[in-house]
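**Student:** So that you have it, the file is upload.cif, and it contains mmCIF, C-alpha atoms and all ligand atoms:
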data_target
loop_
_atom_site.group_PDB
_atom_site.id
_atom_site.type_symbol
_atom_site.label_atom_id
_atom_site.label_comp_id
_atom_site.auth_asym_id
_atom_site.auth_seq_id
_atom_site.Cartn_x
_atom_site.Cartn_y
_atom_site.Cartn_z
ATOM 1 C CA MET K 1 -87.942 -18.918 14.550
ATOM 2 C CA ARG K 2 -85.599 -16.938 16.792
ATOM 3 C CA ILE K 3 -82.446 -19.058 16.443
ATOM 4 C CA ILE K 4 -82.729 -19.066 12.644
ATOM 5 C CA ASP K 5 -83.180 -15.276 12.662
ATOM 6 C CA ILE K 6 -80.060 -14.849 14.787
ATOM 7 C CA ALA K 7 -78.073 -17.158 12.504
ATOM 8 C CA HIS K 8 -79.271 -15.310 9.409
ATOM 9 C CA ASP K 9 -78.514 -11.875 10.864
ATOM 10 C CA THR K 10 -75.090 -13.053 11.980
ATOM 11 C CA VAL K 11 -74.002 -14.448 8.635
ATOM 12 C CA ALA K 12 -75.656 -11.685 6.584
ATOM 13 C CA ASN K 13 -74.320 -8.810 8.762
ATOM 14 C CA ARG K 14 -77.843 -7.526 9.478
ATOM 15 C CA CYS K 15 -79.389 -5.604 12.354
ATOM 16 C CA PRO K 16 -81.370 -7.917 14.677
ATOM 17 C CA ARG K 17 -84.231 -5.434 15.111
ATOM 18 C CA CYS K 18 -85.056 -4.683 11.453
ATOM 19 C CA HIS K 19 -83.119 -7.413 9.551
ATOM 20 C CA GLN K 20 -82.195 -4.786 6.949
ATOM 21 C CA GLY K 21 -79.483 -2.383 8.108
ATOM 22 C CA GLN K 22 -75.844 -3.465 8.234
ATOM 23 C CA VAL K 23 -74.108 -3.854 11.606
ATOM 24 C CA PHE K 24 -70.606 -3.588 10.134
ATOM 25 C CA GLU K 25 -69.760 -1.003 7.473
ATOM 26 C CA ASN K 26 -68.376 -3.537 5.004
ATOM 27 C CA ASN K 27 -69.766 -6.981 4.225
ATOM 28 C CA ASN K 28 -66.218 -8.277 3.683
ATOM 29 C CA PRO K 29 -64.616 -9.091 7.071
ATOM 30 C CA TYR K 30 -61.167 -9.236 5.471
ATOM 31 C CA SER K 31 -61.226 -5.653 4.193
ATOM 32 C CA PHE K 32 -58.233 -3.858 5.733
ATOM 33 C CA LYS K 33 -59.929 -0.491 5.385
ATOM 34 C CA ASN K 34 -63.170 -1.065 7.307
ATOM 35 C CA GLY K 35 -63.807 -4.806 7.644
ATOM 36 C CA LEU K 36 -63.999 -4.653 11.452
ATOM 37 C CA ARG K 37 -65.533 -1.182 11.783
ATOM 38 C CA MET K 38 -69.096 -1.107 13.103
ATOM 39 C CA ASN K 39 -71.794 1.398 12.380
ATOM 40 C CA LYS K 40 -72.699 3.358 15.523
ATOM 41 C CA ARG K 41 -76.404 2.994 14.713
ATOM 42 C CA CYS K 42 -78.417 0.900 12.305
ATOM 43 C CA PRO K 43 -78.740 2.827 9.021
ATOM 44 C CA HIS K 44 -82.329 1.581 8.624
ATOM 45 C CA CYS K 45 -83.982 1.620 12.100
ATOM 46 C CA ASN K 46 -81.482 3.767 14.051
ATOM 47 C CA LEU K 47 -80.869 1.094 16.730
ATOM 48 C CA LYS K 48 -77.803 2.034 18.783
ATOM 49 C CA PHE K 49 -75.534 -1.020 18.599
ATOM 50 C CA GLU K 50 -73.186 -0.202 21.492
ATOM 51 C CA ARG K 51 -75.752 0.404 24.220
ATOM 52 C CA GLU K 52 -73.229 1.410 26.868
ATOM 53 C CA VAL K 53 -69.491 1.645 27.361
ATOM 54 C CA GLY K 54 -68.023 -1.852 27.509
ATOM 55 C CA TYR K 55 -71.147 -3.455 26.057
ATOM 56 C CA PHE K 56 -69.115 -5.687 23.767
ATOM 57 C CA TYR K 57 -67.014 -7.223 26.554
ATOM 58 C CA GLY K 58 -69.738 -9.865 26.692
ATOM 59 C CA ALA K 59 -69.134 -10.666 23.032
ATOM 60 C CA MET K 60 -65.748 -12.039 24.093
ATOM 61 C CA TYR K 61 -67.562 -14.955 25.724
ATOM 62 C CA VAL K 62 -69.396 -15.647 22.487
ATOM 63 C CA SER K 63 -66.112 -15.414 20.580
ATOM 64 C CA TYR K 64 -64.522 -17.816 23.053
ATOM 65 C CA GLY K 65 -67.364 -20.264 22.466
ATOM 66 C CA LEU K 66 -67.062 -20.028 18.684
ATOM 67 C CA GLN K 67 -63.289 -20.525 18.742
ATOM 68 C CA THR K 68 -63.496 -23.360 21.251
ATOM 69 C CA GLY K 69 -66.178 -25.046 19.147
ATOM 70 C CA LEU K 70 -63.934 -24.865 16.095
ATOM 71 C CA ILE K 71 -60.968 -26.270 18.003
ATOM 72 C CA THR K 72 -63.110 -29.071 19.443
ATOM 73 C CA LEU K 73 -64.455 -29.931 15.986
ATOM 74 C CA LEU K 74 -60.976 -30.125 14.441
ATOM 75 C CA TYR K 75 -59.606 -32.100 17.383
ATOM 76 C CA THR K 76 -62.500 -34.564 17.167
ATOM 77 C CA LEU K 77 -61.991 -34.981 13.412
ATOM 78 C CA ASN K 78 -58.357 -35.786 14.112
ATOM 79 C CA MET K 79 -59.244 -38.300 16.815
ATOM 80 C CA PHE K 80 -61.597 -40.302 14.618
ATOM 81 C CA TRP K 81 -60.303 -39.855 11.046
ATOM 82 C CA TRP K 82 -57.092 -37.960 10.464
ATOM 83 C CA ASP K 83 -54.785 -39.230 13.224
ATOM 84 C CA MET K 84 -52.122 -36.563 12.615
ATOM 85 C CA PRO K 85 -48.970 -36.189 14.712
ATOM 86 C CA PRO K 86 -49.371 -33.609 17.532
ATOM 87 C CA LEU K 87 -47.264 -30.850 15.956
ATOM 88 C CA VAL K 88 -49.113 -31.090 12.651
ATOM 89 C CA LEU K 89 -52.407 -31.103 14.540
ATOM 90 C CA VAL K 90 -51.470 -27.868 16.339
ATOM 91 C CA PHE K 91 -50.738 -26.260 12.967
ATOM 92 C CA ILE K 92 -53.972 -27.601 11.458
ATOM 93 C CA ILE K 93 -55.992 -26.253 14.394
ATOM 94 C CA LEU K 94 -54.320 -22.846 14.756
ATOM 95 C CA THR K 95 -54.382 -21.950 11.063
ATOM 96 C CA PRO K 96 -58.194 -21.725 10.762
ATOM 97 C CA VAL K 97 -58.505 -20.270 14.274
ATOM 98 C CA PHE K 98 -56.277 -17.302 13.393
ATOM 99 C CA SER K 99 -57.372 -16.919 9.780
ATOM 100 C CA LEU K 100 -61.064 -16.908 10.784
ATOM 101 C CA PHE K 101 -60.548 -14.326 13.525
ATOM 102 C CA PRO K 102 -62.238 -11.458 11.571
ATOM 103 C CA VAL K 103 -65.275 -13.683 10.957
ATOM 104 C CA THR K 104 -65.606 -14.851 14.578
ATOM 105 C CA PHE K 105 -65.065 -11.280 15.804
ATOM 106 C CA ARG K 106 -67.984 -10.025 13.724
ATOM 107 C CA TRP K 107 -70.212 -13.016 14.402
ATOM 108 C CA SER K 108 -69.684 -12.798 18.152
ATOM 109 C CA ARG K 109 -70.710 -9.130 18.240
ATOM 110 C CA ILE K 110 -73.797 -9.666 16.099
ATOM 111 C CA ILE K 111 -74.819 -12.715 18.192
ATOM 112 C CA TRP K 112 -74.299 -10.635 21.340
ATOM 113 C CA ILE K 113 -76.479 -7.799 20.024
ATOM 114 C CA SER K 114 -79.098 -10.292 18.797
ATOM 115 C CA SER K 115 -79.377 -11.973 22.177
ATOM 116 C CA PHE K 116 -80.649 -8.702 23.692
ATOM 117 C CA THR K 117 -82.648 -7.320 20.763
ATOM 118 C CA LYS K 118 -85.891 -8.658 19.367
ATOM 119 C CA TYR K 119 -87.138 -8.351 15.828
ATOM 120 C CA ASP K 120 -89.625 -5.484 15.478
ATOM 121 C CA LYS K 121 -91.889 -5.827 12.461
ATOM 122 C CA SER K 122 -93.165 -2.231 12.631
ATOM 123 C CA VAL K 123 -89.618 -0.842 12.574
ATOM 124 C CA ALA K 124 -88.606 -3.177 9.764
ATOM 125 C CA SER K 125 -91.383 -2.045 7.472
ATOM 126 C CA GLY K 126 -90.764 1.616 8.289
ATOM 127 C CA GLN K 127 -94.266 2.324 9.691
HETATM 128 ZN ZN ZN D 1 -82.026 -1.971 12.166
#
Mind turning the file's structure into structure tokens?

**Tutor:**
Amino acid sequence: MRIIDIAHDTVANRCPRCHQGQVFENNNPYSFKNGLRMNKRCPHCNLKFEREVGYFYGAMYVSYGLQTGLITLLYTLNMFWWDMPPLVLVFIILTPVFSLFPVTFRWSRIIWISSFTKYDKSVASGQ
């Protein structure tokens, strides 16, 4: 199923065409050395990740959606269960938003690539 494939590729840092090569060089998004550095091409199927200059501008919309979803979730939890004062709520919302930035950055790019790339079984098996 397509949505499950996209979710798996996103979390596992895998190429959407072959499901085997890594999109980012390091699986750890919090690595200072290369946590946010992408491979130019898939090491397994040679898919070029950045198709054109500015290709990843669209990933900003995905990132916006992910961050907004997180904020909405935390705000809703506060409305129905926590009932924190406003200043504490701002701190509770902004802490995960900023600390999860490397994760949402990577996820938004992989989701963006996945939305324009289909899985290719022949490429995945190397035939
Ligand atoms: Zn690949």

**Student:** Name all residues at most 12 Å from Arg14 in chain K (count only C-alpha atoms; drop same-chain ones fewer than 6 positions away) and give them as an MDAnalysis selection string.

**Tutor:** chainID K and resid 5:8 20:27 38:39 41:45 47 49 106:107 109:111 113:114 119 124

**Student:** Those residues with C-alpha atoms, as a JSON list (two decimals), in the frame of the given file please?

**Tutor:**
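Output below, filename out.json:
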[["chain", "number", "residue", "atom", "x", "y", "z"],
["K", 5, "ASP", "CA", -83.18, -15.28, 12.66],
["K", 6, "ILE", "CA", -80.06, -14.85, 14.79],
["K", 7, "ALA", "CA", -78.07, -17.16, 12.50],
["K", 8, "HIS", "CA", -79.27, -15.31, 9.41],
["K", 20, "GLN", "CA", -82.20, -4.79, 6.95],
["K", 21, "GLY", "CA", -79.48, -2.38, 8.11],
["K", 22, "GLN", "CA", -75.84, -3.46, 8.23],
["K", 23, "VAL", "CA", -74.11, -3.85, 11.61],
["K", 24, "PHE", "CA", -70.61, -3.59, 10.13],
["K", 25, "GLU", "CA", -69.76, -1.00, 7.47],
["K", 26, "ASN", "CA", -68.38, -3.54, 5.00],
["K", 27, "ASN", "CA", -69.77, -6.98, 4.22],
["K", 38, "MET", "CA", -69.10, -1.11, 13.10],
["K", 39, "ASN", "CA", -71.79, 1.40, 12.38],
["K", 41, "ARG", "CA", -76.40, 2.99, 14.71],
["K", 42, "CYS", "CA", -78.42, 0.90, 12.30],
["K", 43, "PRO", "CA", -78.74, 2.83, 9.02],
["K", 44, "HIS", "CA", -82.33, 1.58, 8.62],
["K", 45, "CYS", "CA", -83.98, 1.62, 12.10],
["K", 47, "LEU", "CA", -80.87, 1.09, 16.73],
["K", 49, "PHE", "CA", -75.53, -1.02, 18.60],
["K", 106, "ARG", "CA", -67.98, -10.02, 13.72],
["K", 107, "TRP", "CA", -70.21, -13.02, 14.40],
["K", 109, "ARG", "CA", -70.71, -9.13, 18.24],
["K", 110, "ILE", "CA", -73.80, -9.67, 16.10],
["K", 111, "ILE", "CA", -74.82, -12.72, 18.19],
["K", 113, "ILE", "CA", -76.48, -7.80, 20.02],
["K", 114, "SER", "CA", -79.10, -10.29, 18.80],
["K", 119, "TYR", "CA", -87.14, -8.35, 15.83],
["K", 124, "ALA", "CA", -88.61, -3.18, 9.76]]

**Student:** Hey, which of K:Thr117, K:Asn46, K:Asn28, K:Val11 ends up closest to ligand ZN 1 (chain D)? Count all atoms listed in the file.

**Tutor:** K:Asn46

**Student:** Quick one, how far is CA of Phe105 in chain K from CA of Leu66 in chain K?

**Tutor:**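 That distance, rounded to one decimal, is 9.4 Å.
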
**Student:** Any chance you could resolve the PyMOL selection byres (((chain K and resi 121) around 12) and not hetatm) against this file and give the residues as a ChimeraX atom specification?

**Tutor:** /K:16-20,45,118-120,122-127

**Student:** Excluding Ser63 in chain K and its own-chain neighbours fewer than 2 positions away, which residues fall within 8 Å of it when counting all atoms listed in the file? Please give them as a list of chain:residue names.

**Tutor:**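 Residues near the query, excluding close chain neighbours: K:Ala59, K:Met60, K:Tyr61, K:Gly65, K:Leu66, K:Gln67, K:Thr104, K:Phe105, K:Trp107, K:Ser108.
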
**Student:** Pick the closest to ligand ZN 1 (chain D) from K:Met84, K:Ser31, K:Lys48, K:Leu36: which is it, counting all atoms listed in the file?

**Tutor:**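 Of the candidates, the smallest distance to ligand ZN 1 (chain D) is held by K:Lys48.
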
**Student:** Compile the contact shell of Tyr30 in chain K as number ranges by chain: residues with an atom at most 10 Å away, counting only C-alpha atoms, same-chain residues fewer than 4 positions apart removed.

**Tutor:** K: 26, 34-36, 99-103

**Student:** Between K:Asp9, K:Tyr64, K:Cys15, K:Ile71, which has the minimum distance to Lys40 in chain K (counting all atoms listed in the file)?

**Tutor:**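 Between K:Asp9, K:Tyr64, K:Cys15, K:Ile71, the residue approaching Lys40 in chain K most closely is K:Cys15.
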
**Student:** K:Thr72, K:Phe32, K:Ala12, K:Phe56: which is nearest Leu89 in chain K, counting only C-alpha atoms?

**Tutor:**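 That would be K:Thr72, the residue with the smallest distance to Leu89 in chain K.
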
**Student:** At what distance in Å, to one decimal, does CA of Arg37 in chain K lie from CA of Val97 in chain K?

**Tutor:** 20.5 Å

**Student:** How far is it from CA of Val62 in chain K to CA of Phe116 in chain K, in Å with one decimal?

**Tutor:**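 Going from CA of Val62 in chain K over to CA of Phe116 in chain K, I get 13.3 Å.
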
**Student:** Edge lengths and centre in Å to one decimal, as lines of an AutoDock Vina configuration file, of the axis-aligned box that encloses all listed atoms of range 52-64 of chain K with 4 Å added on every side?

**Tutor:**
center_x = -68.9
center_y = -8.1
center_z = 24.0
size_x = 16.7
size_y = 27.5
size_z = 14.9

**Student:** Given the choices K:Pro96, K:Met1, K:Phe91, K:Asn13, which gets closest to ligand ZN 1 (chain D) if the distance is worked out from only C-alpha atoms and all ligand atoms?

**Tutor:**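 Of the candidates, the smallest distance to ligand ZN 1 (chain D) is held by K:Asn13.
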
**Student:** What would the file be for chain K if you keep C-alpha atoms and write it as a PDB file, in the first residue's frame?

**Tutor:**
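Once written, selection03.pdb looks like this:
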ATOM      1  CA  MET K   1       0.000   0.000   0.000  1.00  0.00           C
ATOM      2  CA  ARG K   2       1.426   3.349  -1.088  1.00  0.00           C
ATOM      3  CA  ILE K   3       0.884   5.341   2.122  1.00  0.00           C
ATOM      4  CA  ILE K   4       2.481   2.600   4.232  1.00  0.00           C
ATOM      5  CA  ASP K   5       5.463   2.495   1.852  1.00  0.00           C
ATOM      6  CA  ILE K   6       5.915   6.255   2.147  1.00  0.00           C
ATOM      7  CA  ALA K   7       5.690   6.080   5.943  1.00  0.00           C
ATOM      8  CA  HIS K   8       8.203   3.235   6.072  1.00  0.00           C
ATOM      9  CA  ASP K   9      10.654   4.964   3.728  1.00  0.00           C
ATOM     10  CA  THR K  10      10.329   8.187   5.695  1.00  0.00           C
ATOM     11  CA  VAL K  11      11.035   6.689   9.098  1.00  0.00           C
ATOM     12  CA  ALA K  12      13.686   4.252   7.830  1.00  0.00           C
ATOM     13  CA  ASN K  13      15.545   6.861   5.701  1.00  0.00           C
ATOM     14  CA  ARG K  14      15.104   4.792   2.525  1.00  0.00           C
ATOM     15  CA  CYS K  15      14.892   5.667  -1.156  1.00  0.00           C
ATOM     16  CA  PRO K  16      11.271   5.606  -2.401  1.00  0.00           C
ATOM     17  CA  ARG K  17      12.174   3.910  -5.694  1.00  0.00           C
ATOM     18  CA  CYS K  18      14.154   0.904  -4.404  1.00  0.00           C
ATOM     19  CA  HIS K  19      13.392   0.922  -0.630  1.00  0.00           C
ATOM     20  CA  GLN K  20      17.044   0.027  -0.003  1.00  0.00           C
ATOM     21  CA  GLY K  21      19.429   2.955  -0.466  1.00  0.00           C
ATOM     22  CA  GLN K  22      19.698   5.684   2.162  1.00  0.00           C
ATOM     23  CA  VAL K  23      18.452   9.198   1.368  1.00  0.00           C
ATOM     24  CA  PHE K  24      20.508  10.838   4.122  1.00  0.00           C
ATOM     25  CA  GLU K  25      24.125   9.845   4.761  1.00  0.00           C
ATOM     26  CA  ASN K  26      23.593   9.085   8.445  1.00  0.00           C
ATOM     27  CA  ASN K  27      20.620   7.334  10.024  1.00  0.00           C
ATOM     28  CA  ASN K  28      20.980   9.538  13.119  1.00  0.00           C
ATOM     29  CA  PRO K  29      19.329  12.938  12.473  1.00  0.00           C
ATOM     30  CA  TYR K  30      21.083  14.430  15.502  1.00  0.00           C
ATOM     31  CA  SER K  31      24.605  13.741  14.237  1.00  0.00           C
ATOM     32  CA  PHE K  32      26.410  17.097  14.048  1.00  0.00           C
ATOM     33  CA  LYS K  33      28.786  15.797  11.402  1.00  0.00           C
ATOM     34  CA  ASN K  34      26.363  14.633   8.702  1.00  0.00           C
ATOM     35  CA  GLY K  35      22.897  14.168  10.214  1.00  0.00           C
ATOM     36  CA  LEU K  36      21.256  16.569   7.743  1.00  0.00           C
ATOM     37  CA  ARG K  37      23.470  15.848   4.728  1.00  0.00           C
ATOM     38  CA  MET K  38      21.744  14.081   1.840  1.00  0.00           C
ATOM     39  CA  ASN K  39      23.237  11.737  -0.681  1.00  0.00           C
ATOM     40  CA  LYS K  40      23.153  13.268  -4.171  1.00  0.00           C
ATOM     41  CA  ARG K  41      21.967   9.953  -5.625  1.00  0.00           C
ATOM     42  CA  CYS K  42      20.632   6.731  -4.185  1.00  0.00           C
ATOM     43  CA  PRO K  43      23.589   4.416  -3.482  1.00  0.00           C
ATOM     44  CA  HIS K  44      21.528   1.410  -4.624  1.00  0.00           C
ATOM     45  CA  CYS K  45      19.450   2.496  -7.677  1.00  0.00           C
ATOM     46  CA  ASN K  46      21.197   5.779  -8.593  1.00  0.00           C
ATOM     47  CA  LEU K  47      17.990   7.864  -8.351  1.00  0.00           C
ATOM     48  CA  LYS K  48      18.881  11.566  -8.330  1.00  0.00           C
ATOM     49  CA  PHE K  49      17.195  12.956  -5.210  1.00  0.00           C
ATOM     50  CA  GLU K  50      17.368  16.676  -6.037  1.00  0.00           C
ATOM     51  CA  ARG K  51      15.789  16.618  -9.485  1.00  0.00           C
ATOM     52  CA  GLU K  52      16.287  20.316 -10.170  1.00  0.00           C
ATOM     53  CA  VAL K  53      17.517  23.439  -8.436  1.00  0.00           C
ATOM     54  CA  GLY K  54      15.046  24.428  -5.730  1.00  0.00           C
ATOM     55  CA  TYR K  55      13.316  21.045  -5.776  1.00  0.00           C
ATOM     56  CA  PHE K  56      13.173  20.904  -1.992  1.00  0.00           C
ATOM     57  CA  TYR K  57      11.359  24.233  -1.589  1.00  0.00           C
ATOM     58  CA  GLY K  58       8.192  22.147  -1.775  1.00  0.00           C
ATOM     59  CA  ALA K  59       9.368  20.113   1.206  1.00  0.00           C
ATOM     60  CA  MET K  60       8.893  23.259   3.292  1.00  0.00           C
ATOM     61  CA  TYR K  61       5.137  22.829   2.892  1.00  0.00           C
ATOM     62  CA  VAL K  62       5.395  19.269   4.152  1.00  0.00           C
ATOM     63  CA  SER K  63       7.544  20.456   7.058  1.00  0.00           C
ATOM     64  CA  TYR K  64       4.982  23.147   7.836  1.00  0.00           C
ATOM     65  CA  GLY K  65       2.260  20.501   7.907  1.00  0.00           C
ATOM     66  CA  LEU K  66       4.248  18.221  10.209  1.00  0.00           C
ATOM     67  CA  GLN K  67       5.079  21.038  12.630  1.00  0.00           C
ATOM     68  CA  THR K  68       1.537  22.391  12.589  1.00  0.00           C
ATOM     69  CA  GLY K  69       0.178  18.898  13.235  1.00  0.00           C
ATOM     70  CA  LEU K  70       2.448  18.546  16.253  1.00  0.00           C
ATOM     71  CA  ILE K  71       1.427  21.942  17.609  1.00  0.00           C
ATOM     72  CA  THR K  72      -2.259  21.146  17.070  1.00  0.00           C
ATOM     73  CA  LEU K  73      -1.878  17.794  18.836  1.00  0.00           C
ATOM     74  CA  LEU K  74      -0.179  19.342  21.877  1.00  0.00           C
ATOM     75  CA  TYR K  75      -2.671  22.207  22.010  1.00  0.00           C
ATOM     76  CA  THR K  76      -5.590  19.768  21.838  1.00  0.00           C
ATOM     77  CA  LEU K  77      -4.085  17.623  24.607  1.00  0.00           C
ATOM     78  CA  ASN K  78      -3.844  20.747  26.736  1.00  0.00           C
ATOM     79  CA  MET K  79      -7.434  21.741  26.008  1.00  0.00           C
ATOM     80  CA  PHE K  80      -8.903  18.412  27.075  1.00  0.00           C
ATOM     81  CA  TRP K  81      -6.500  17.023  29.707  1.00  0.00           C
ATOM     82  CA  TRP K  82      -3.590  19.133  30.855  1.00  0.00           C
ATOM     83  CA  ASP K  83      -5.102  22.614  31.246  1.00  0.00           C
ATOM     84  CA  MET K  84      -1.723  24.342  31.664  1.00  0.00           C
ATOM     85  CA  PRO K  85      -1.292  28.105  32.025  1.00  0.00           C
ATOM     86  CA  PRO K  86      -0.549  29.833  28.672  1.00  0.00           C
ATOM     87  CA  LEU K  87       3.152  30.509  29.296  1.00  0.00           C
ATOM     88  CA  VAL K  88       3.809  26.920  30.335  1.00  0.00           C
ATOM     89  CA  LEU K  89       1.846  25.727  27.312  1.00  0.00           C
ATOM     90  CA  VAL K  90       4.038  27.807  24.978  1.00  0.00           C
ATOM     91  CA  PHE K  91       7.126  26.200  26.521  1.00  0.00           C
ATOM     92  CA  ILE K  92       5.601  22.712  26.300  1.00  0.00           C
ATOM     93  CA  ILE K  93       4.727  23.241  22.629  1.00  0.00           C
ATOM     94  CA  LEU K  94       7.951  24.923  21.483  1.00  0.00           C
ATOM     95  CA  THR K  95      10.324  22.469  23.155  1.00  0.00           C
ATOM     96  CA  PRO K  96       9.364  19.446  21.007  1.00  0.00           C
ATOM     97  CA  VAL K  97       8.896  21.637  17.920  1.00  0.00           C
ATOM     98  CA  PHE K  98      12.498  22.878  18.082  1.00  0.00           C
ATOM     99  CA  SER K  99      14.064  19.681  19.395  1.00  0.00           C
ATOM    100  CA  LEU K 100      12.383  17.602  16.656  1.00  0.00           C
ATOM    101  CA  PHE K 101      13.471  19.960  13.881  1.00  0.00           C
ATOM    102  CA  PRO K 102      16.154  17.567  12.476  1.00  0.00           C
ATOM    103  CA  VAL K 103      13.563  14.771  12.326  1.00  0.00           C
ATOM    104  CA  THR K 104      10.865  16.869  10.622  1.00  0.00           C
ATOM    105  CA  PHE K 105      13.459  18.292   8.216  1.00  0.00           C
ATOM    106  CA  ARG K 106      14.448  14.808   7.074  1.00  0.00           C
ATOM    107  CA  TRP K 107      10.917  13.430   7.045  1.00  0.00           C
ATOM    108  CA  SER K 108       9.598  16.333   4.989  1.00  0.00           C
ATOM    109  CA  ARG K 109      12.254  15.839   2.304  1.00  0.00           C
ATOM    110  CA  ILE K 110      11.730  12.086   2.097  1.00  0.00           C
ATOM    111  CA  ILE K 111       7.923  12.544   1.954  1.00  0.00           C
ATOM    112  CA  TRP K 112       8.415  15.146  -0.784  1.00  0.00           C
ATOM    113  CA  ILE K 113      10.621  12.812  -2.836  1.00  0.00           C
ATOM    114  CA  SER K 114       8.223   9.903  -2.228  1.00  0.00           C
ATOM    115  CA  SER K 115       5.224  11.850  -3.472  1.00  0.00           C
ATOM    116  CA  PHE K 116       6.831  12.100  -6.933  1.00  0.00           C
ATOM    117  CA  THR K 117       8.614   8.742  -7.107  1.00  0.00           C
ATOM    118  CA  LYS K 118       7.040   5.323  -7.402  1.00  0.00           C
ATOM    119  CA  TYR K 119       8.457   2.057  -6.179  1.00  0.00           C
ATOM    120  CA  ASP K 120      10.155   0.139  -9.001  1.00  0.00           C
ATOM    121  CA  LYS K 121      10.459  -3.573  -8.317  1.00  0.00           C
ATOM    122  CA  SER K 122      12.935  -4.202 -11.156  1.00  0.00           C
ATOM    123  CA  VAL K 123      15.304  -1.523  -9.846  1.00  0.00           C
ATOM    124  CA  ALA K 124      14.965  -2.775  -6.283  1.00  0.00           C
ATOM    125  CA  SER K 125      15.995  -6.302  -7.149  1.00  0.00           C
ATOM    126  CA  GLY K 126      18.872  -5.086  -9.316  1.00  0.00           C
ATOM    127  CA  GLN K 127      17.655  -6.717 -12.570  1.00  0.00           C
TER     128      GLN K 127
END
